[in-house]
Amino acid sequence: MERLCLELLALSILLACCFGASPESVNGDLVIKKVENTIDLTTHLPKISSSIILENEGKAGVRSFLFAVDPTLSDTLSYIGAVAKSGDDDHKLKVTAAKVANNPKGKFFLIDLPSLLDQGKESTIDVETVYSHSLRPYPAEITQSEKQFVQFTGNSHFYSPYRIVSTTTTVNCASSNIESYTKNKPISTQDNSITYGAYENLQPFSQMVLPAAASDVYYRDEIGNISTSNLRELDDMVEVELRPRFPLFGGWKTHYTVGYNVPSYQYLYNSGDEYILRMRFVDHVYDDQVIDHAKVKIILPEGARNIQFKSPFPVQRDQDQLHFTYLDTIGRPVIIASKSDLVEQHIQDFELRYTFPKYMLLQEPLLVVGAFYLLFVMIIIYVRLDFSITRDEAREARLRIAGLVEQIQTIHDCRSALYQSYDDAINKFKNSKDATSFTSNRKKIDADYKQMTQQIAGLASKLKAENSDAAEKVTELQKLDAAVKDQVTMEVQCVERLIAGKMKKDQYVEMESNLKSKKEDLYQKMEALLSSL
């Protein structure tokens, strides 16, 4: 019997520990009818006194409520105490640290009420919190002659998981020399005090639970990013605490966007070209949530086909659409499904099957390559072709002159090569002494020389009509070439006299040397003329 009693006692203690460790939940029937928040910054230890009027709008009685510490000050909390107002007497209340479901990292305290709070009843509770090391020197370093300012970061609203009907926050500073402060209207100042509010019909802070792998979370509206949010990364989820940009009064609405990225391998599965996407139709926004209308849009890659959508509950399938973005050609399929009146039980996975050929991954890179190729081809065409409407007479004249000069230079080069043919024929004649063969070769070279000289003369006459200066240079070139031809003729005569025995060898050598020297001089003058054309 004694052993049985001991076992029952151990079991009772174990059950009490287990139940004591369970997380608390926020009672939606409790409403803060009015709260007067006073922030005392007159010393180095900021103190916040909150006079809270609680009202029970539910049917069941309430014995305790949750007090939330502002996340901007939670790390510096040093003391918390609560008392209940009953006439002129204060009744000290029990305050214990608590964990709240869906907000394990938030700092909450469970405050016991002095008595059971029945339906429609009110209770006034005063909560005092003291914070250490929450005043930051601003700037951190000063010179001896400068004044030292401090900076305090807090909340102009009352941070609470309950709906607030009316709240006022008064900040008492150490002096009236206030450098700057946040101006959230309505606001008033007097000496060293700043009063915010009254703010009415404030909703409790919202907490959105995202998948554990969520990253790059953003919270914004039409104006831009909303900074009144906190992100907590837990082992099994990512918790986002959201606050609207401005207080929401009764009947008011706000529009905002929450986005995040998740790795595809946790939700997208494939076998070859067959893919399956499994994701939640809706996410958890807050406890006991009600979504009046939800529309889910799924944008698939371009080229996806054989699309099959399967939902865990009946939904309305809207007509599929196409979404176009960079480098798209036929558009990306958009699957649209909607449903009204959703609750937490609708947080279930849908399934989307589709086929996507892997070669479609090369479509966008090939489009980029093709676009650059066409661009370069068009640039080449534009640079090489003349698209001008009117004729440029000066440009065409320059082109004609350049063409004539180029032809003259080409023919002259061929004519200059004939002089080497003359030299070869003379050397062969000196060795073979065959006058018949020499005469035949000479006549052939003379005929070619005469033809080329006539061609240059014809081109020179055409050039004269375009550019007289260039034509004069070609005429001078013809005179120099005729002088070279005279030297060649004299060489032929000398070698014929040498072979016939009418000239001594030493005289021939001397004459040949003089003629070559004159030809070299004439060659240089002709090259100078050609380079000046």
# chains A, B, ... in the order shown; residues from 1 in each chain; ligands from 1
>>> residues_around(residues="Thr129 in chain A", least_positions_apart="2", cutoff="10 Å", atoms="only C-alpha atoms", output="list in words")
Ile39, Pro46, Lys47, Ile48, Ser49, Ser50, Val69, Leu77, Ser78, Tyr79, Ile80, Gly81, Ala82, Val127 and Tyr131 of chain A
>>> write_last_selection(atoms="N, CA and C atoms", output="mmCIF file, in the first residue's frame")
data_model
loop_
_atom_site.group_PDB
_atom_site.id
_atom_site.type_symbol
_atom_site.label_atom_id
_atom_site.label_comp_id
_atom_site.auth_asym_id
_atom_site.auth_seq_id
_atom_site.Cartn_x
_atom_site.Cartn_y
_atom_site.Cartn_z
ATOM 1 N N ILE A 39 6.634 55.548 -20.364
ATOM 2 C CA ILE A 39 8.048 55.169 -20.476
ATOM 3 C C ILE A 39 8.869 56.236 -19.752
ATOM 4 N N PRO A 46 15.635 52.655 -17.871
ATOM 5 C CA PRO A 46 14.291 52.921 -18.386
ATOM 6 C C PRO A 46 13.260 52.029 -17.686
ATOM 7 N N LYS A 47 12.140 52.669 -17.300
ATOM 8 C CA LYS A 47 11.045 51.943 -16.663
ATOM 9 C C LYS A 47 9.788 52.187 -17.475
ATOM 10 N N ILE A 48 9.040 51.128 -17.712
ATOM 11 C CA ILE A 48 7.786 51.224 -18.451
ATOM 12 C C ILE A 48 6.661 50.765 -17.539
ATOM 13 N N SER A 49 5.717 51.663 -17.281
ATOM 14 C CA SER A 49 4.547 51.357 -16.445
ATOM 15 C C SER A 49 3.330 51.306 -17.357
ATOM 16 N N SER A 50 2.635 50.188 -17.329
ATOM 17 C CA SER A 50 1.481 49.981 -18.199
ATOM 18 C C SER A 50 0.251 49.744 -17.342
ATOM 19 N N VAL A 69 6.530 41.080 -24.050
ATOM 20 C CA VAL A 69 7.599 42.077 -23.981
ATOM 21 C C VAL A 69 7.970 42.476 -25.413
ATOM 22 N N LEU A 77 15.513 43.181 -20.642
ATOM 23 C CA LEU A 77 14.574 43.157 -19.526
ATOM 24 C C LEU A 77 15.274 42.691 -18.259
ATOM 25 N N SER A 78 15.136 43.490 -17.190
ATOM 26 C CA SER A 78 15.764 43.161 -15.905
ATOM 27 C C SER A 78 14.749 42.775 -14.843
ATOM 28 N N TYR A 79 13.551 43.386 -14.877
ATOM 29 C CA TYR A 79 12.554 43.110 -13.824
ATOM 30 C C TYR A 79 11.168 43.303 -14.411
ATOM 31 N N ILE A 80 10.217 42.503 -13.915
ATOM 32 C CA ILE A 80 8.810 42.665 -14.251
ATOM 33 C C ILE A 80 7.978 42.364 -13.022
ATOM 34 N N GLY A 81 6.988 43.209 -12.778
ATOM 35 C CA GLY A 81 6.074 43.022 -11.660
ATOM 36 C C GLY A 81 4.701 43.511 -12.038
ATOM 37 N N ALA A 82 3.660 42.976 -11.373
ATOM 38 C CA ALA A 82 2.282 43.351 -11.686
ATOM 39 C C ALA A 82 1.481 43.443 -10.402
ATOM 40 N N VAL A 127 1.343 46.952 -14.760
ATOM 41 C CA VAL A 127 2.556 46.141 -14.988
ATOM 42 C C VAL A 127 3.748 47.087 -15.090
ATOM 43 N N TYR A 131 14.413 47.991 -17.526
ATOM 44 C CA TYR A 131 15.367 47.525 -18.531
ATOM 45 C C TYR A 131 16.745 48.106 -18.240
#
>>> residues_around(residues="Thr489 in chain A", least_positions_apart="3", cutoff="12 Å", atoms="only C-alpha atoms", output="PyMOL selection string")
chain A and resi 419+422-423+426+442+446+482-486+492-496+512+515+519
>>> write_last_selection(atoms="C-alpha atoms", output="PDB file, in the first residue's frame")
ATOM      1  CA  TYR A 419      63.382  46.359-117.989  1.00  0.00           C
ATOM      2  CA  TYR A 422      65.698  43.656-121.411  1.00  0.00           C
ATOM      3  CA  ASP A 423      68.634  42.953-119.056  1.00  0.00           C
ATOM      4  CA  ILE A 426      71.197  41.422-123.250  1.00  0.00           C
ATOM      5  CA  ARG A 442      63.796  42.427-128.218  1.00  0.00           C
ATOM      6  CA  ASP A 446      59.242  46.318-127.322  1.00  0.00           C
ATOM      7  CA  ALA A 482      60.979  57.319-121.689  1.00  0.00           C
ATOM      8  CA  ALA A 483      64.408  58.358-120.398  1.00  0.00           C
ATOM      9  CA  VAL A 484      64.868  54.903-118.904  1.00  0.00           C
ATOM     10  CA  LYS A 485      63.894  53.402-122.271  1.00  0.00           C
ATOM     11  CA  ASP A 486      66.530  55.558-123.970  1.00  0.00           C
ATOM     12  CA  VAL A 492      71.430  47.428-126.702  1.00  0.00           C
ATOM     13  CA  GLN A 493      73.523  49.449-129.162  1.00  0.00           C
ATOM     14  CA  CYS A 494      76.641  49.052-127.008  1.00  0.00           C
ATOM     15  CA  VAL A 495      76.283  45.307-126.694  1.00  0.00           C
ATOM     16  CA  GLU A 496      75.713  44.978-130.459  1.00  0.00           C
ATOM     17  CA  GLU A 512      77.511  49.934-119.086  1.00  0.00           C
ATOM     18  CA  LEU A 515      74.083  53.663-118.056  1.00  0.00           C
ATOM     19  CA  LYS A 519      68.836  54.113-114.739  1.00  0.00           C
TER      20      LYS A 519
END
>>> select_by_dssp(residues="range 269-443 of chain A", states="strand (DSSP E)", output="PyMOL selection string")
chain A and resi 269-271+274-280+291-299+305-310+316-317+321-323+332-342+349-355
>>> write_last_selection(atoms="N, CA and C atoms", output="compact mmCIF listing (two decimals), in the first residue's frame")
# COMPACT_ATOMS: atom_id res chain seq x y z
N TYR A 269 9.53 17.11 -57.73
CA TYR A 269 10.12 15.79 -57.98
C TYR A 269 9.96 15.47 -59.47
N ASN A 270 10.93 14.73 -60.01
CA ASN A 270 10.84 14.42 -61.43
C ASN A 270 11.41 13.05 -61.72
N SER A 271 10.92 12.49 -62.82
CA SER A 271 11.44 11.24 -63.38
C SER A 271 11.49 11.43 -64.88
N GLU A 274 8.95 13.96 -66.65
CA GLU A 274 7.72 14.05 -65.86
C GLU A 274 8.04 14.70 -64.52
N TYR A 275 7.24 15.72 -64.14
CA TYR A 275 7.46 16.47 -62.90
C TYR A 275 6.20 16.46 -62.05
N ILE A 276 6.41 16.50 -60.72
CA ILE A 276 5.31 16.59 -59.76
C ILE A 276 5.66 17.68 -58.75
N LEU A 277 4.74 18.61 -58.55
CA LEU A 277 4.91 19.68 -57.56
C LEU A 277 3.92 19.45 -56.44
N ARG A 278 4.43 19.37 -55.20
CA ARG A 278 3.58 19.21 -54.02
C ARG A 278 3.86 20.35 -53.05
N MET A 279 2.86 21.19 -52.82
CA MET A 279 2.99 22.33 -51.91
C MET A 279 1.67 22.56 -51.20
N ARG A 280 1.71 23.40 -50.14
CA ARG A 280 0.49 23.75 -49.43
C ARG A 280 -0.38 24.68 -50.29
N ILE A 291 -9.75 32.64 -43.87
CA ILE A 291 -9.43 33.31 -45.13
C ILE A 291 -10.69 33.37 -45.96
N ASP A 292 -11.18 34.59 -46.20
CA ASP A 292 -12.43 34.74 -46.94
C ASP A 292 -12.30 34.24 -48.37
N HIS A 293 -11.19 34.55 -49.02
CA HIS A 293 -11.00 34.11 -50.40
C HIS A 293 -9.50 33.99 -50.68
N ALA A 294 -9.10 32.90 -51.24
CA ALA A 294 -7.70 32.65 -51.59
C ALA A 294 -7.61 32.26 -53.05
N LYS A 295 -6.64 32.85 -53.74
CA LYS A 295 -6.39 32.51 -55.15
C LYS A 295 -4.93 32.09 -55.28
N VAL A 296 -4.70 30.92 -55.79
CA VAL A 296 -3.35 30.37 -55.94
C VAL A 296 -3.00 30.36 -57.43
N LYS A 297 -1.88 30.99 -57.77
CA LYS A 297 -1.38 31.01 -59.14
C LYS A 297 -0.05 30.27 -59.20
N ILE A 298 0.05 29.33 -60.10
CA ILE A 298 1.27 28.53 -60.27
C ILE A 298 1.79 28.78 -61.67
N ILE A 299 2.97 29.37 -61.78
CA ILE A 299 3.58 29.67 -63.08
C ILE A 299 4.58 28.56 -63.41
N ARG A 305 3.63 20.96 -70.59
CA ARG A 305 2.38 20.48 -71.18
C ARG A 305 1.89 19.28 -70.37
N ASN A 306 0.73 18.73 -70.78
CA ASN A 306 0.09 17.60 -70.07
C ASN A 306 -0.08 17.94 -68.59
N ILE A 307 -0.68 19.09 -68.32
CA ILE A 307 -0.80 19.60 -66.95
C ILE A 307 -2.03 18.98 -66.29
N GLN A 308 -1.82 18.44 -65.06
CA GLN A 308 -2.90 17.85 -64.28
C GLN A 308 -2.82 18.39 -62.85
N PHE A 309 -3.91 19.02 -62.39
CA PHE A 309 -3.96 19.62 -61.06
C PHE A 309 -4.89 18.80 -60.17
N LYS A 310 -4.39 18.45 -58.98
CA LYS A 310 -5.18 17.66 -58.04
C LYS A 310 -5.11 18.34 -56.68
N GLN A 316 -12.15 25.87 -57.13
CA GLN A 316 -12.60 26.37 -58.42
C GLN A 316 -11.39 26.59 -59.32
N ARG A 317 -11.34 25.89 -60.47
CA ARG A 317 -10.27 26.05 -61.43
C ARG A 317 -10.65 27.15 -62.42
N GLN A 321 -3.92 30.73 -67.96
CA GLN A 321 -3.43 31.92 -68.63
C GLN A 321 -1.98 31.70 -69.06
N LEU A 322 -1.42 32.73 -69.70
CA LEU A 322 -0.02 32.71 -70.12
C LEU A 322 0.68 33.91 -69.48
N HIS A 323 1.89 33.66 -69.00
CA HIS A 323 2.70 34.71 -68.38
C HIS A 323 3.97 34.89 -69.21
N ARG A 332 4.54 31.34 -70.54
CA ARG A 332 4.59 30.31 -69.49
C ARG A 332 3.17 30.00 -69.00
N PRO A 333 2.78 28.74 -68.93
CA PRO A 333 1.42 28.40 -68.47
C PRO A 333 1.21 28.81 -67.01
N VAL A 334 0.04 29.39 -66.73
CA VAL A 334 -0.32 29.80 -65.37
C VAL A 334 -1.57 29.04 -64.97
N ILE A 335 -1.46 28.23 -63.90
CA ILE A 335 -2.58 27.48 -63.37
C ILE A 335 -3.18 28.29 -62.22
N ILE A 336 -4.49 28.52 -62.27
CA ILE A 336 -5.16 29.36 -61.28
C ILE A 336 -6.25 28.53 -60.61
N ALA A 337 -6.20 28.50 -59.26
CA ALA A 337 -7.22 27.82 -58.46
C ALA A 337 -7.62 28.75 -57.32
N SER A 338 -8.88 28.77 -56.99
CA SER A 338 -9.38 29.65 -55.93
C SER A 338 -10.39 28.92 -55.06
N LYS A 339 -10.51 29.42 -53.82
CA LYS A 339 -11.49 28.85 -52.88
C LYS A 339 -11.82 29.89 -51.83
N SER A 340 -13.03 29.84 -51.33
CA SER A 340 -13.49 30.77 -50.31
C SER A 340 -13.66 30.06 -48.98
N ASP A 341 -13.62 30.87 -47.91
CA ASP A 341 -13.87 30.38 -46.54
C ASP A 341 -12.93 29.24 -46.18
N LEU A 342 -11.65 29.55 -46.07
CA LEU A 342 -10.66 28.56 -45.68
C LEU A 342 -10.29 28.75 -44.21
N ASP A 349 -1.57 19.80 -48.80
CA ASP A 349 -0.78 19.86 -50.02
C ASP A 349 -1.64 19.56 -51.24
N PHE A 350 -1.43 20.35 -52.29
CA PHE A 350 -2.00 20.02 -53.59
C PHE A 350 -0.92 19.32 -54.43
N GLU A 351 -1.32 18.75 -55.55
CA GLU A 351 -0.39 18.03 -56.42
C GLU A 351 -0.58 18.50 -57.86
N LEU A 352 0.51 18.86 -58.49
CA LEU A 352 0.47 19.34 -59.88
C LEU A 352 1.47 18.52 -60.70
N ARG A 353 0.94 17.83 -61.72
CA ARG A 353 1.78 17.03 -62.60
C ARG A 353 1.88 17.71 -63.96
N TYR A 354 3.08 17.66 -64.57
CA TYR A 354 3.25 18.21 -65.91
C TYR A 354 4.48 17.59 -66.56
N THR A 355 4.56 17.77 -67.88
CA THR A 355 5.70 17.27 -68.66
C THR A 355 6.51 18.46 -69.16
>>> residues_around(residues="Met208 in chain A", least_positions_apart="5", cutoff="12 Å", atoms="only C-alpha atoms", output="ChimeraX atom specification")
/A:102-103,214,217,219,229-233,237-243,258-260,282-287,289
>>> select_by_dssp(residues="range 336-494 of chain A", states="alpha helix (DSSP H)", output="PyMOL selection string")
chain A and resi 363-384+393-432+435-466+468-494
>>> residues_around(residues="range 149-158 of chain A", least_positions_apart="5", cutoff="8 Å", atoms="only C-alpha atoms", output="list in words")
Val35, Asn37, Asp70, Thr72, Leu73, Ser134, Leu135, Arg136, Pro137, Tyr138, Pro139, Thr167, Thr168, Thr169, Asn184, Tyr196 and Tyr199 of chain A
>>> closest_residue(among="A:Glu466, A:Glu527, A:Glu491, A:Asp216", to="Gly403 in chain A", atoms="only C-alpha atoms")
A:Glu466
>>> closest_residue(among="A:Lys99, A:Lys92, A:Lys358, A:Lys433", to="Leu113 in chain A", atoms="only C-alpha atoms")
A:Lys92
>>> residues_around(residues="Pro23 in chain A", least_positions_apart="3", cutoff="8 Å", atoms="only C-alpha atoms", output="tab-separated table (two decimals) with all heavy atoms, in the first residue's frame")
chain	number	residue	atom	x	y	z
A	98	ALA	N	6.43	32.35	-19.56
A	98	ALA	CA	5.58	31.42	-20.29
A	98	ALA	C	6.04	31.31	-21.73
A	98	ALA	O	6.66	32.23	-22.29
A	98	ALA	CB	4.13	31.88	-20.24
A	99	LYS	N	5.75	30.16	-22.31
A	99	LYS	CA	5.96	29.94	-23.74
A	99	LYS	C	4.60	29.94	-24.42
A	99	LYS	O	3.62	29.44	-23.88
A	99	LYS	CB	6.66	28.60	-23.99
A	99	LYS	CG	8.09	28.55	-23.47
A	99	LYS	CD	8.98	29.44	-24.30
A	99	LYS	CE	10.44	29.32	-23.85
A	99	LYS	NZ	11.33	30.20	-24.64
A	100	VAL	N	4.55	30.51	-25.61
A	100	VAL	CA	3.30	30.62	-26.34
A	100	VAL	C	3.39	29.80	-27.62
A	100	VAL	O	4.41	29.83	-28.32
A	100	VAL	CB	2.98	32.10	-26.68
A	100	VAL	CG1	1.72	32.21	-27.53
A	100	VAL	CG2	2.82	32.90	-25.40
A	101	ALA	N	2.33	29.09	-27.92
A	101	ALA	CA	2.29	28.28	-29.14
A	101	ALA	C	2.48	29.17	-30.36
A	101	ALA	O	1.94	30.27	-30.43
A	101	ALA	CB	0.96	27.54	-29.22
>>> closest_residue(among="A:Lys185, A:His346, A:Arg415, A:Lys85", to="Gly197 in chain A", atoms="only C-alpha atoms")
A:Lys185
>>> closest_residue(among="A:Ala84, A:Cys414, A:Val343, A:Pro186", to="Ile445 in chain A", atoms="only C-alpha atoms")
A:Cys414
>>> residues_around(residues="Leu202 in chain A", least_positions_apart="3", cutoff="10 Å", atoms="only C-alpha atoms", output="PyMOL selection string")
chain A and resi 32+157-160+162-167+199+205+246-250
>>> write_last_selection(atoms="C-alpha atoms", output="PDB file, in the first residue's frame")
ATOM      1  CA  ILE A  32      -7.601  45.353 -23.719  1.00  0.00           C
ATOM      2  CA  HIS A 157       2.092  51.309 -29.571  1.00  0.00           C
ATOM      3  CA  PHE A 158       1.439  48.784 -26.830  1.00  0.00           C
ATOM      4  CA  TYR A 159       2.853  45.427 -27.871  1.00  0.00           C
ATOM      5  CA  SER A 160       0.273  42.767 -27.092  1.00  0.00           C
ATOM      6  CA  TYR A 162      -4.741  40.906 -27.699  1.00  0.00           C
ATOM      7  CA  ARG A 163      -6.917  43.387 -29.544  1.00  0.00           C
ATOM      8  CA  ILE A 164      -6.580  46.898 -28.096  1.00  0.00           C
ATOM      9  CA  VAL A 165      -9.491  49.325 -28.118  1.00  0.00           C
ATOM     10  CA  SER A 166      -7.487  52.385 -27.045  1.00  0.00           C
ATOM     11  CA  THR A 167      -3.845  52.988 -26.142  1.00  0.00           C
ATOM     12  CA  TYR A 199      -4.533  54.959 -30.965  1.00  0.00           C
ATOM     13  CA  PHE A 205       0.487  41.373 -33.856  1.00  0.00           C
ATOM     14  CA  PHE A 246      -0.226  52.210 -39.794  1.00  0.00           C
ATOM     15  CA  PRO A 247      -2.889  51.474 -37.115  1.00  0.00           C
ATOM     16  CA  LEU A 248      -6.012  49.719 -38.434  1.00  0.00           C
ATOM     17  CA  PHE A 249      -9.287  51.173 -37.204  1.00  0.00           C
ATOM     18  CA  GLY A 250     -12.601  49.346 -37.343  1.00  0.00           C
TER      19      GLY A 250
END
